[in-house]
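Q: Got a file for you: run.tsv, TSV, C-alpha atoms.
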```tsv
chain	number	residue	atom	x	y	z
A	1	MET	CA	2.50	-34.09	3.08
A	2	SER	CA	5.49	-33.96	0.81
A	3	MET	CA	6.68	-30.66	-0.56
A	4	ASN	CA	8.68	-29.97	-3.64
A	5	ARG	CA	11.52	-27.50	-3.13
A	6	PRO	CA	11.49	-25.87	-6.59
A	7	LEU	CA	7.76	-25.33	-6.22
A	8	LEU	CA	8.26	-23.71	-2.87
A	9	ALA	CA	10.90	-21.43	-4.30
A	10	ALA	CA	8.44	-20.37	-6.98
A	11	PHE	CA	5.85	-19.81	-4.31
A	12	ALA	CA	8.20	-17.61	-2.29
A	13	VAL	CA	8.92	-15.48	-5.33
A	14	ALA	CA	5.23	-15.15	-5.97
A	15	ALA	CA	4.67	-14.16	-2.35
A	16	ALA	CA	7.38	-11.50	-2.53
A	17	ALA	CA	5.73	-10.01	-5.61
A	18	VAL	CA	2.51	-9.58	-3.71
A	19	SER	CA	3.32	-6.27	-2.10
A	20	LEU	CA	0.13	-4.46	-2.88
A	21	PRO	CA	-0.33	-0.71	-2.90
A	22	ALA	CA	-1.49	0.85	0.32
A	23	ALA	CA	-4.21	2.59	-1.67
A	24	ALA	CA	-6.23	-0.58	-1.40
A	25	GLN	CA	-9.89	-0.71	-2.10
A	26	PHE	CA	-11.61	-0.33	1.23
A	27	GLN	CA	-15.04	1.15	0.92
A	28	LYS	CA	-15.27	2.12	4.58
A	29	PRO	CA	-12.69	2.64	7.34
A	30	GLU	CA	-14.24	-0.30	9.21
A	31	ASP	CA	-13.50	-2.53	6.24
A	32	ALA	CA	-9.81	-1.64	6.47
A	33	VAL	CA	-9.82	-2.39	10.20
A	34	LYS	CA	-11.55	-5.72	9.76
A	35	TYR	CA	-9.20	-6.65	6.94
A	36	ARG	CA	-6.01	-5.91	8.83
A	37	GLN	CA	-7.29	-7.67	11.94
A	38	SER	CA	-8.25	-10.69	9.86
A	39	ALA	CA	-4.88	-10.86	8.16
A	40	MET	CA	-3.17	-10.64	11.56
A	41	THR	CA	-5.40	-13.44	12.87
A	42	VAL	CA	-4.54	-15.74	9.98
A	43	MET	CA	-0.84	-14.92	10.22
A	44	GLY	CA	-0.82	-15.40	13.97
A	45	ASN	CA	-2.54	-18.74	13.74
A	46	HIS	CA	-0.02	-20.19	11.33
A	47	PHE	CA	2.90	-18.58	13.12
A	48	GLY	CA	1.60	-20.21	16.29
A	49	ARG	CA	1.52	-23.62	14.66
A	50	ILE	CA	5.22	-23.28	13.94
A	51	GLY	CA	5.74	-22.09	17.49
A	52	ALA	CA	4.05	-25.21	18.82
A	53	MET	CA	6.68	-27.26	17.03
A	54	ALA	CA	9.51	-25.00	18.14
A	55	ALA	CA	8.32	-25.40	21.72
A	56	GLY	CA	7.92	-29.16	21.40
A	57	ARG	CA	4.18	-29.08	22.04
A	58	VAL	CA	3.53	-30.85	18.75
A	59	PRO	CA	5.87	-33.19	16.86
A	60	TYR	CA	8.27	-31.52	14.49
A	61	ASP	CA	7.44	-32.05	10.86
A	62	ALA	CA	9.45	-30.11	8.31
A	63	ALA	CA	6.81	-30.17	5.59
A	64	THR	CA	4.11	-28.90	7.92
A	65	ALA	CA	6.41	-26.22	9.26
A	66	THR	CA	7.20	-25.14	5.72
A	67	ALA	CA	3.56	-25.10	4.66
A	68	ASN	CA	2.75	-22.87	7.61
A	69	ALA	CA	5.76	-20.64	6.99
A	70	GLU	CA	4.63	-20.19	3.37
A	71	ILE	CA	1.31	-18.90	4.58
A	72	VAL	CA	2.92	-16.63	7.17
A	73	ALA	CA	5.31	-15.21	4.56
A	74	MET	CA	2.55	-14.46	2.11
A	75	VAL	CA	0.07	-13.07	4.62
A	76	SER	CA	2.78	-10.93	6.26
A	77	ARG	CA	2.57	-8.63	3.22
A	78	LEU	CA	-1.12	-7.95	3.71
A	79	PRO	CA	-2.17	-6.29	6.96
A	80	PHE	CA	-0.34	-3.02	6.47
A	81	ALA	CA	-2.49	-1.86	3.57
A	82	GLY	CA	-5.29	-1.83	6.12
A	83	PHE	CA	-3.65	0.77	8.36
A	84	VAL	CA	-5.11	3.58	6.32
A	85	ASP	CA	-5.47	7.14	7.52
A	86	GLY	CA	-8.51	7.79	9.60
A	87	THR	CA	-8.69	4.37	11.18
A	88	ALA	CA	-7.09	5.17	14.53
A	89	GLY	CA	-9.62	4.84	17.29
A	90	THR	CA	-12.34	3.54	15.02
A	91	GLU	CA	-12.27	0.07	16.43
A	92	LYS	CA	-12.41	-1.99	19.56
A	93	GLY	CA	-8.99	-3.31	18.59
A	94	ARG	CA	-5.59	-2.37	19.74
A	95	ALA	CA	-4.04	-0.30	16.99
A	96	SER	CA	-2.19	2.59	18.67
A	97	ALA	CA	-2.49	6.16	17.43
A	98	ALA	CA	1.32	6.06	17.35
A	99	ILE	CA	1.05	4.08	14.12
A	100	TRP	CA	0.00	7.26	12.38
A	101	SER	CA	2.16	9.72	14.33
A	102	LYS	CA	5.29	7.59	13.84
A	103	ARG	CA	4.46	5.97	10.54
A	104	ALA	CA	8.03	5.62	9.26
A	105	ASP	CA	9.01	3.71	12.39
A	106	PHE	CA	5.92	1.53	12.10
A	107	ASP	CA	6.64	0.78	8.46
A	108	ALA	CA	10.27	-0.06	9.26
A	109	LYS	CA	9.18	-2.49	11.96
A	110	ALA	CA	6.68	-4.07	9.60
A	111	LYS	CA	9.47	-4.52	7.07
A	112	THR	CA	11.68	-6.11	9.71
A	113	MET	CA	8.93	-8.60	10.50
A	114	GLN	CA	8.47	-9.41	6.81
A	115	ASP	CA	12.21	-9.99	6.49
A	116	GLU	CA	12.24	-12.24	9.55
A	117	VAL	CA	9.35	-14.40	8.38
A	118	THR	CA	11.06	-14.75	5.01
A	119	LYS	CA	14.06	-16.08	6.94
A	120	LEU	CA	11.71	-18.30	8.91
A	121	LEU	CA	10.48	-19.83	5.67
A	122	ALA	CA	14.06	-20.48	4.59
A	123	ALA	CA	14.77	-22.02	8.01
A	124	ALA	CA	11.71	-24.25	7.76
A	125	LYS	CA	13.04	-25.61	4.49
A	126	THR	CA	16.35	-26.67	6.04
A	127	ASN	CA	14.62	-29.55	7.77
A	128	ASN	CA	16.54	-28.77	10.96
A	129	LEU	CA	14.57	-28.13	14.12
A	130	ASP	CA	17.28	-26.07	15.82
A	131	THR	CA	17.48	-23.79	12.80
A	132	LEU	CA	13.72	-23.45	12.83
A	133	LYS	CA	13.69	-22.65	16.55
A	134	ALA	CA	16.30	-19.93	16.12
A	135	ALA	CA	14.45	-18.32	13.22
A	136	PHE	CA	11.14	-18.59	15.03
A	137	GLY	CA	12.66	-16.78	18.00
A	138	GLU	CA	13.92	-13.93	15.85
A	139	ALA	CA	10.63	-13.66	14.00
A	140	GLY	CA	8.78	-13.60	17.30
A	141	LYS	CA	10.98	-10.75	18.50
A	142	SER	CA	10.11	-8.80	15.37
A	143	CYS	CA	6.41	-9.23	16.14
A	144	LYS	CA	6.89	-8.15	19.75
A	145	GLY	CA	9.11	-5.23	18.76
A	146	CYS	CA	6.24	-3.73	16.79
A	147	HIS	CA	3.49	-4.71	19.20
A	148	ASP	CA	5.33	-3.13	22.14
A	149	ASP	CA	5.38	0.23	20.40
A	150	PHE	CA	2.23	0.17	18.32
A	151	ARG	CA	-0.33	-2.10	19.92
A	152	ASN	CA	-2.35	-0.94	22.90
A	153	GLN	CA	-2.41	-3.29	25.86
B	1	MET	CA	2.46	-12.13	-18.84
B	2	SER	CA	1.62	-15.29	-20.72
B	3	MET	CA	0.26	-18.30	-18.98
B	4	ASN	CA	2.55	-21.23	-18.55
B	5	ARG	CA	0.51	-24.37	-18.14
B	6	PRO	CA	3.14	-26.58	-16.51
B	7	LEU	CA	3.93	-23.82	-14.04
B	8	LEU	CA	0.28	-23.30	-13.32
B	9	ALA	CA	-0.19	-27.01	-12.76
B	10	ALA	CA	2.80	-26.96	-10.43
B	11	PHE	CA	1.26	-24.08	-8.57
B	12	ALA	CA	-1.96	-25.96	-8.11
B	13	VAL	CA	-0.03	-28.87	-6.69
B	14	ALA	CA	1.82	-26.60	-4.31
B	15	ALA	CA	-1.44	-25.03	-3.23
B	16	ALA	CA	-2.98	-28.44	-2.68
B	17	ALA	CA	-0.04	-29.41	-0.50
B	18	VAL	CA	-0.92	-26.50	1.73
B	19	SER	CA	-4.23	-28.12	2.54
B	20	LEU	CA	-3.55	-28.54	6.21
B	21	PRO	CA	-5.14	-31.23	8.32
B	22	ALA	CA	-8.52	-30.39	9.73
B	23	ALA	CA	-7.17	-31.37	13.13
B	24	ALA	CA	-5.59	-27.95	13.20
B	25	GLN	CA	-4.37	-26.40	16.38
B	26	PHE	CA	-7.28	-24.44	17.72
B	27	GLN	CA	-7.22	-24.20	21.47
B	28	LYS	CA	-10.86	-23.18	21.74
B	29	PRO	CA	-13.86	-23.46	19.41
B	30	GLU	CA	-14.00	-19.66	19.27
B	31	ASP	CA	-10.48	-19.64	17.89
B	32	ALA	CA	-11.57	-21.85	15.01
B	33	VAL	CA	-14.53	-19.58	14.30
B	34	LYS	CA	-12.40	-16.44	14.37
B	35	TYR	CA	-9.81	-18.08	12.14
B	36	ARG	CA	-12.24	-19.19	9.47
B	37	GLN	CA	-14.03	-15.85	9.47
B	38	SER	CA	-10.71	-14.06	9.16
B	39	ALA	CA	-9.58	-16.22	6.26
B	40	MET	CA	-12.91	-15.60	4.51
B	41	THR	CA	-12.52	-11.85	5.07
B	42	VAL	CA	-9.05	-11.79	3.54
B	43	MET	CA	-10.12	-13.97	0.64
B	44	GLY	CA	-13.22	-11.89	0.02
B	45	ASN	CA	-11.27	-8.66	0.03
B	46	HIS	CA	-8.82	-9.79	-2.62
B	47	PHE	CA	-11.52	-11.48	-4.64
B	48	GLY	CA	-13.40	-8.21	-4.54
B	49	ARG	CA	-10.41	-6.30	-5.86
B	50	ILE	CA	-10.41	-8.54	-8.91
B	51	GLY	CA	-14.15	-8.04	-9.18
B	52	ALA	CA	-13.67	-4.28	-9.23
B	53	MET	CA	-11.52	-4.71	-12.32
B	54	ALA	CA	-13.91	-7.17	-13.90
B	55	ALA	CA	-16.72	-4.67	-13.39
B	56	GLY	CA	-14.66	-1.76	-14.70
B	57	ARG	CA	-14.75	0.13	-11.41
B	58	VAL	CA	-10.96	0.25	-11.33
B	59	PRO	CA	-8.55	0.13	-14.26
B	60	TYR	CA	-7.56	-3.33	-15.40
B	61	ASP	CA	-3.99	-4.22	-14.55
B	62	ALA	CA	-2.90	-7.78	-15.20
B	63	ALA	CA	-0.10	-7.82	-12.62
B	64	THR	CA	-2.38	-6.54	-9.88
B	65	ALA	CA	-5.09	-8.99	-10.86
B	66	THR	CA	-2.57	-11.81	-10.70
B	67	ALA	CA	-1.18	-10.70	-7.34
B	68	ASN	CA	-4.69	-10.68	-5.93
B	69	ALA	CA	-5.54	-14.02	-7.52
B	70	GLU	CA	-2.41	-15.53	-5.94
B	71	ILE	CA	-3.64	-14.48	-2.53
B	72	VAL	CA	-7.15	-15.76	-3.19
B	73	ALA	CA	-5.81	-19.10	-4.40
B	74	MET	CA	-3.63	-19.60	-1.35
B	75	VAL	CA	-6.13	-18.36	1.21
B	76	SER	CA	-8.90	-20.46	-0.38
B	77	ARG	CA	-7.23	-23.52	1.18
B	78	LEU	CA	-7.45	-22.16	4.70
B	79	PRO	CA	-10.94	-21.49	6.08
B	80	PHE	CA	-12.19	-25.05	6.01
B	81	ALA	CA	-9.86	-26.32	8.71
B	82	GLY	CA	-11.76	-23.93	10.96
B	83	PHE	CA	-15.12	-25.62	10.46
B	84	VAL	CA	-14.37	-28.06	13.24
B	85	ASP	CA	-16.99	-30.09	15.05
B	86	GLY	CA	-18.72	-28.28	17.84
B	87	THR	CA	-18.57	-24.85	16.30
B	88	ALA	CA	-22.09	-24.65	14.91
B	89	GLY	CA	-24.06	-22.02	16.73
B	90	THR	CA	-21.10	-20.82	18.77
B	91	GLU	CA	-20.82	-17.55	16.98
B	92	LYS	CA	-22.64	-14.48	15.86
B	93	GLY	CA	-21.64	-15.43	12.35
B	94	ARG	CA	-23.52	-17.14	9.63
B	95	ALA	CA	-22.23	-20.68	9.45
B	96	SER	CA	-25.23	-22.95	8.95
B	97	ALA	CA	-25.69	-26.13	10.98
B	98	ALA	CA	-26.09	-27.79	7.57
B	99	ILE	CA	-22.31	-27.62	7.22
B	100	TRP	CA	-22.06	-30.39	9.77
B	101	SER	CA	-25.17	-32.35	8.79
B	102	LYS	CA	-24.21	-32.33	5.10
B	103	ARG	CA	-20.46	-32.22	5.42
B	104	ALA	CA	-19.66	-34.13	2.23
B	105	ASP	CA	-21.69	-31.67	0.19
B	106	PHE	CA	-20.05	-28.75	1.96
B	107	ASP	CA	-16.59	-30.17	1.32
B	108	ALA	CA	-17.42	-30.77	-2.34
B	109	LYS	CA	-18.57	-27.19	-2.76
B	110	ALA	CA	-15.43	-25.95	-1.03
B	111	LYS	CA	-13.38	-27.99	-3.46
B	112	THR	CA	-15.30	-26.54	-6.41
B	113	MET	CA	-14.50	-23.05	-5.18
B	114	GLN	CA	-10.82	-23.91	-4.80
B	115	ASP	CA	-10.78	-25.28	-8.33
B	116	GLU	CA	-12.47	-22.16	-9.68
B	117	VAL	CA	-10.06	-19.76	-7.99
B	118	THR	CA	-7.17	-21.80	-9.35
B	119	LYS	CA	-8.68	-21.21	-12.79
B	120	LEU	CA	-9.10	-17.56	-11.90
B	121	LEU	CA	-5.39	-17.32	-11.20
B	122	ALA	CA	-4.66	-18.90	-14.58
B	123	ALA	CA	-7.05	-16.45	-16.20
B	124	ALA	CA	-5.39	-13.51	-14.48
B	125	LYS	CA	-2.09	-14.56	-15.97
B	126	THR	CA	-3.43	-14.52	-19.53
B	127	ASN	CA	-3.42	-10.73	-19.49
B	128	ASN	CA	-6.82	-10.73	-21.15
B	129	LEU	CA	-9.63	-8.88	-19.42
B	130	ASP	CA	-12.42	-10.87	-21.05
B	131	THR	CA	-10.82	-14.11	-19.90
B	132	LEU	CA	-10.50	-12.68	-16.41
B	133	LYS	CA	-14.13	-11.57	-16.40
B	134	ALA	CA	-15.34	-15.01	-17.40
B	135	ALA	CA	-13.26	-16.77	-14.77
B	136	PHE	CA	-14.29	-14.26	-12.14
B	137	GLY	CA	-17.92	-14.95	-12.95
B	138	GLU	CA	-17.48	-18.69	-12.56
B	139	ALA	CA	-15.53	-18.30	-9.34
B	140	GLY	CA	-18.22	-16.02	-7.99
B	141	LYS	CA	-20.85	-18.63	-8.77
B	142	SER	CA	-18.87	-21.19	-6.79
B	143	CYS	CA	-18.84	-18.84	-3.79
B	144	LYS	CA	-22.57	-18.23	-4.09
B	145	GLY	CA	-23.32	-21.91	-4.60
B	146	CYS	CA	-21.87	-22.70	-1.21
B	147	HIS	CA	-23.19	-19.62	0.56
B	148	ASP	CA	-26.73	-20.30	-0.64
B	149	ASP	CA	-26.70	-23.69	1.03
B	150	PHE	CA	-24.44	-23.21	3.99
B	151	ARG	CA	-24.50	-19.58	5.06
B	152	ASN	CA	-27.37	-18.24	7.08
B	153	GLN	CA	-28.92	-15.03	5.81
```
Could you rewrite the structure in this file as structure tokens?
A:
Amino acid sequence: MSMNRPLLAAFAVAAAAVSLPAAAQFQKPEDAVKYRQSAMTVMGNHFGRIGAMAAGRVPYDAATATANAEIVAMVSRLPFAGFVDGTAGTEKGRASAAIWSKRADFDAKAKTMQDEVTKLLAAAKTNNLDTLKAAFGEAGKSCKGCHDDFRNQ
Amino acid sequence: MSMNRPLLAAFAVAAAAVSLPAAAQFQKPEDAVKYRQSAMTVMGNHFGRIGAMAAGRVPYDAATATANAEIVAMVSRLPFAGFVDGTAGTEKGRASAAIWSKRADFDAKAKTMQDEVTKLLAAAKTNNLDTLKAAFGEAGKSCKGCHDDFRNQ
């Protein structure tokens, strides 16, 4: 799988532009919950594939790492539109009520994660495993930082 | 926003490069099922947002249509890696066993859908609602064409 750097740059710009309004079209609260959980699942899967390389469980391949990081970067913009008012406690999932009582903090942590996965994408493009590992570690911390405060155990 | 054919072609190539190997890293069959369902949910949500514009339920906005079409185009590459062997009948979902008994047909229909949503993205960029409506209709047919054959009711 060969990737073309200018194309990837264009892709990253496109991904950054995809910050959709929180007033998204969810017909029912359950739709918003399912959507955000689905986006998290997709993001987590592709983040995990990079992690498998960072941990040496699968062979390092820069193009594959980059392809996965592209997906993570784009999907990282999506879940937060699904945390709409009135969807605390409406699910079997783990969204904490603190998301809504401390929304500014939640939003800031979401932004930090988005920034870190953007850096992860840049790191993936360097074709250097150590750089990727470092960026993966920081991105992982940004996930955990939000989960610790806003995801029920 | 006028459509730039070379750029669009480049985008399609980039999207095609993100067609990850089917031997994706799913630790358990259930993980593959959850992943593909999640990708379909995200894709369906953003496709539906374009549909709301096509149907006149929400005001037409070319930039928003394009942002949603970008997401649809990228996510359209993802679900199929999750249709791994041994995941028929392992879920409450609607994946038909025919997916595995008629895999070539399934893959061809998936490819048709991916082609149609690539055209939908191009249409979104034309900034012309009638063009968007037409492309949305064709893309929707490609979804239905596969669901009719491969999704249980």
Q: Around the point (-10.8, -9.1, 8.3) (coordinates from the file), which residues reach within 7 Å if we count all atoms listed in the file? Answer as an NGL selection string.
A: (:A and (34-39)) or (:B and (38 or 41-42))
Q: For segment 101-107 of chain B, work out the shell of residues within 8 Å, counting all atoms listed in the file and skipping chain neighbours fewer than 3 positions away, then give it as an NGL selection string.
A: :B and (97-98 or 110-111 or 146 or 150)
Q: From the list B:Ala81, B:Ala65, B:Met40, B:Met113, which residue is nearest Lys144 of chain B when using all atoms listed in the file?
A: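 Closest to Lys144 of chain B of all the choices is B:Met113.
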Q: Which residue, A:Asp149, A:Lys28, A:Ala124, A:Leu78, has the smallest gap to Met43 of chain B when you use only C-alpha atoms?
A: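 Comparing A:Asp149, A:Lys28, A:Ala124, A:Leu78 against Met43 of chain B, the winner is A:Leu78.
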Q: Write out the coordinates of chain B as a compact mmCIF listing (two decimals) with C-alpha atoms, keeping the file's coordinate frame after a least-squares overlay onto chain A built on all ordered Cα pairs.
A:
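This went into out-v5.txt:
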```txt
# COMPACT_ATOMS: atom_id res chain seq x y z
CA MET B 1 11.57 -32.28 2.15
CA SER B 2 14.80 -30.54 1.25
CA MET B 3 14.95 -26.86 0.68
CA ASN B 4 15.35 -25.67 -2.84
CA ARG B 5 16.86 -22.22 -2.84
CA PRO B 6 15.82 -21.11 -6.33
CA LEU B 7 12.27 -22.23 -5.63
CA LEU B 8 12.27 -20.46 -2.31
CA ALA B 9 13.55 -17.30 -3.95
CA ALA B 10 10.81 -17.63 -6.55
CA PHE B 11 8.28 -18.01 -3.80
CA ALA B 12 9.47 -14.86 -2.13
CA VAL B 13 9.09 -13.02 -5.39
CA ALA B 14 5.59 -14.36 -5.84
CA ALA B 15 4.72 -13.35 -2.31
CA ALA B 16 6.12 -9.88 -2.88
CA ALA B 17 3.98 -9.53 -5.99
CA VAL B 18 0.96 -10.07 -3.79
CA SER B 19 1.75 -6.89 -1.92
CA LEU B 20 -1.40 -5.09 -2.90
CA PRO B 21 -1.65 -1.33 -3.12
CA ALA B 22 -2.46 0.42 0.10
CA ALA B 23 -5.28 2.16 -1.74
CA ALA B 24 -7.23 -1.02 -1.22
CA GLN B 25 -10.95 -1.14 -1.57
CA PHE B 26 -12.30 -0.45 1.86
CA GLN B 27 -15.67 1.22 1.75
CA LYS B 28 -15.50 2.41 5.35
CA PRO B 29 -12.66 2.91 7.84
CA GLU B 30 -14.20 0.19 10.01
CA ASP B 31 -13.84 -2.23 7.13
CA ALA B 32 -10.11 -1.56 7.00
CA VAL B 33 -9.81 -2.09 10.75
CA LYS B 34 -11.77 -5.34 10.65
CA TYR B 35 -9.71 -6.55 7.70
CA ARG B 36 -6.34 -5.90 9.28
CA GLN B 37 -7.41 -7.41 12.58
CA SER B 38 -8.71 -10.47 10.77
CA ALA B 39 -5.51 -10.93 8.81
CA MET B 40 -3.49 -10.62 12.03
CA THR B 41 -5.74 -13.21 13.69
CA VAL B 42 -5.25 -15.71 10.89
CA MET B 43 -1.52 -15.08 10.76
CA GLY B 44 -1.19 -15.36 14.51
CA ASN B 45 -3.09 -18.62 14.62
CA HIS B 46 -0.86 -20.33 12.08
CA PHE B 47 2.26 -18.82 13.54
CA GLY B 48 1.16 -20.19 16.88
CA ARG B 49 0.76 -23.67 15.46
CA ILE B 50 4.39 -23.59 14.41
CA GLY B 51 5.28 -22.26 17.84
CA ALA B 52 3.54 -25.21 19.46
CA MET B 53 5.90 -27.49 17.58
CA ALA B 54 8.92 -25.36 18.34
CA ALA B 55 8.02 -25.52 22.03
CA GLY B 56 7.38 -29.26 21.93
CA ARG B 57 3.71 -28.92 22.86
CA VAL B 58 2.71 -30.82 19.73
CA PRO B 59 4.73 -33.38 17.79
CA TYR B 60 7.02 -31.95 15.15
CA ASP B 61 5.85 -32.64 11.63
CA ALA B 62 7.74 -30.95 8.82
CA ALA B 63 4.87 -31.00 6.32
CA THR B 64 2.47 -29.43 8.79
CA ALA B 65 5.04 -26.85 9.79
CA THR B 66 5.56 -25.98 6.15
CA ALA B 67 1.84 -25.78 5.41
CA ASN B 68 1.43 -23.37 8.30
CA ALA B 69 4.49 -21.36 7.29
CA GLU B 70 3.06 -21.02 3.76
CA ILE B 71 -0.07 -19.47 5.19
CA VAL B 72 1.89 -17.17 7.49
CA ALA B 73 4.11 -16.04 4.62
CA MET B 74 1.19 -15.22 2.36
CA VAL B 75 -0.99 -13.61 5.01
CA SER B 76 1.96 -11.54 6.28
CA ARG B 77 1.58 -9.39 3.15
CA LEU B 78 -2.02 -8.50 3.89
CA PRO B 79 -2.69 -6.58 7.12
CA PHE B 80 -0.76 -3.46 6.25
CA ALA B 81 -3.07 -2.34 3.47
CA GLY B 82 -5.64 -2.00 6.24
CA PHE B 83 -3.67 0.60 8.18
CA VAL B 84 -5.16 3.37 6.10
CA ASP B 85 -5.22 7.00 7.11
CA GLY B 86 -8.03 7.95 9.40
CA THR B 87 -8.26 4.65 11.20
CA ALA B 88 -6.32 5.54 14.34
CA GLY B 89 -8.61 5.53 17.32
CA THR B 90 -11.59 4.24 15.38
CA GLU B 91 -11.57 0.87 17.00
CA LYS B 92 -11.54 -1.00 20.24
CA GLY B 93 -8.31 -2.56 19.06
CA ARG B 94 -4.76 -1.77 19.86
CA ALA B 95 -3.33 0.04 16.87
CA SER B 96 -1.19 2.88 18.20
CA ALA B 97 -1.43 6.39 16.77
CA ALA B 98 2.35 6.07 16.38
CA ILE B 99 1.70 3.93 13.31
CA TRP B 100 0.67 7.06 11.48
CA SER B 101 3.11 9.49 13.09
CA LYS B 102 6.07 7.17 12.48
CA ARG B 103 4.87 5.41 9.37
CA ALA B 104 8.29 4.80 7.82
CA ASP B 105 9.43 3.01 10.96
CA PHE B 106 6.22 1.00 11.07
CA ASP B 107 6.60 0.01 7.43
CA ALA B 108 10.23 -0.98 7.98
CA LYS B 109 9.27 -3.19 10.90
CA ALA B 110 6.49 -4.75 8.84
CA LYS B 111 9.02 -5.51 6.14
CA THR B 112 11.37 -7.08 8.69
CA MET B 113 8.57 -9.35 9.83
CA GLN B 114 7.77 -10.35 6.26
CA ASP B 115 11.42 -11.15 5.66
CA GLU B 116 11.59 -13.23 8.83
CA VAL B 117 8.50 -15.28 8.02
CA THR B 118 9.91 -15.91 4.56
CA LYS B 119 12.98 -17.31 6.32
CA LEU B 120 10.68 -19.28 8.59
CA LEU B 121 9.10 -20.91 5.57
CA ALA B 122 12.56 -21.83 4.27
CA ALA B 123 13.43 -23.22 7.69
CA ALA B 124 10.25 -25.27 7.79
CA LYS B 125 11.23 -26.88 4.52
CA THR B 126 14.61 -28.03 5.85
CA ASN B 127 12.88 -30.73 7.88
CA ASN B 128 15.11 -29.90 10.83
CA LEU B 129 13.45 -28.98 14.10
CA ASP B 130 16.40 -27.01 15.45
CA THR B 131 16.47 -24.90 12.30
CA LEU B 132 12.74 -24.33 12.63
CA LYS B 133 13.08 -23.35 16.28
CA ALA B 134 15.76 -20.80 15.49
CA ALA B 135 13.78 -19.24 12.66
CA PHE B 136 10.63 -19.22 14.75
CA GLY B 137 12.49 -17.36 17.47
CA GLU B 138 13.71 -14.70 15.06
CA ALA B 139 10.30 -14.32 13.47
CA GLY B 140 8.74 -13.97 16.89
CA LYS B 141 11.19 -11.20 17.74
CA SER B 142 10.16 -9.35 14.59
CA CYS B 143 6.51 -9.55 15.68
CA LYS B 144 7.37 -8.31 19.16
CA GLY B 145 9.62 -5.57 17.84
CA CYS B 146 6.70 -4.02 16.02
CA HIS B 147 4.11 -4.69 18.70
CA ASP B 148 6.27 -3.07 21.37
CA ASP B 149 6.33 0.17 19.43
CA PHE B 150 3.03 0.20 17.64
CA ARG B 151 0.50 -1.83 19.60
CA ASN B 152 -1.17 -0.38 22.63
CA GLN B 153 -1.14 -2.55 25.73
```
Q: Between B:Asn128, B:Asp85, B:Ser76, B:Gln25, which has the minimum distance to Arg57 of chain A (counting only C-alpha atoms)?
A: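 The answer is B:Gln25, which sits nearest to Arg57 of chain A.
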Q: What does the distance between atom CA of Asp115 of chain A and atom CA of Gly48 of chain A come to in Å, to one decimal place?
A: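 Atom CA of Asp115 of chain A sits 17.7 Å away from atom CA of Gly48 of chain A.
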Q: Quick one: pull the distance between atom CA of Arg94 of chain B and atom CA of Lys109 of chain B, Å, one decimal.
A: 16.7 Å
Q: Go ahead and compute the interatomic distance for atom CA of Ile71 of chain B and atom CA of His147 of chain A, in Å to one decimal.
A: 24.9 Å
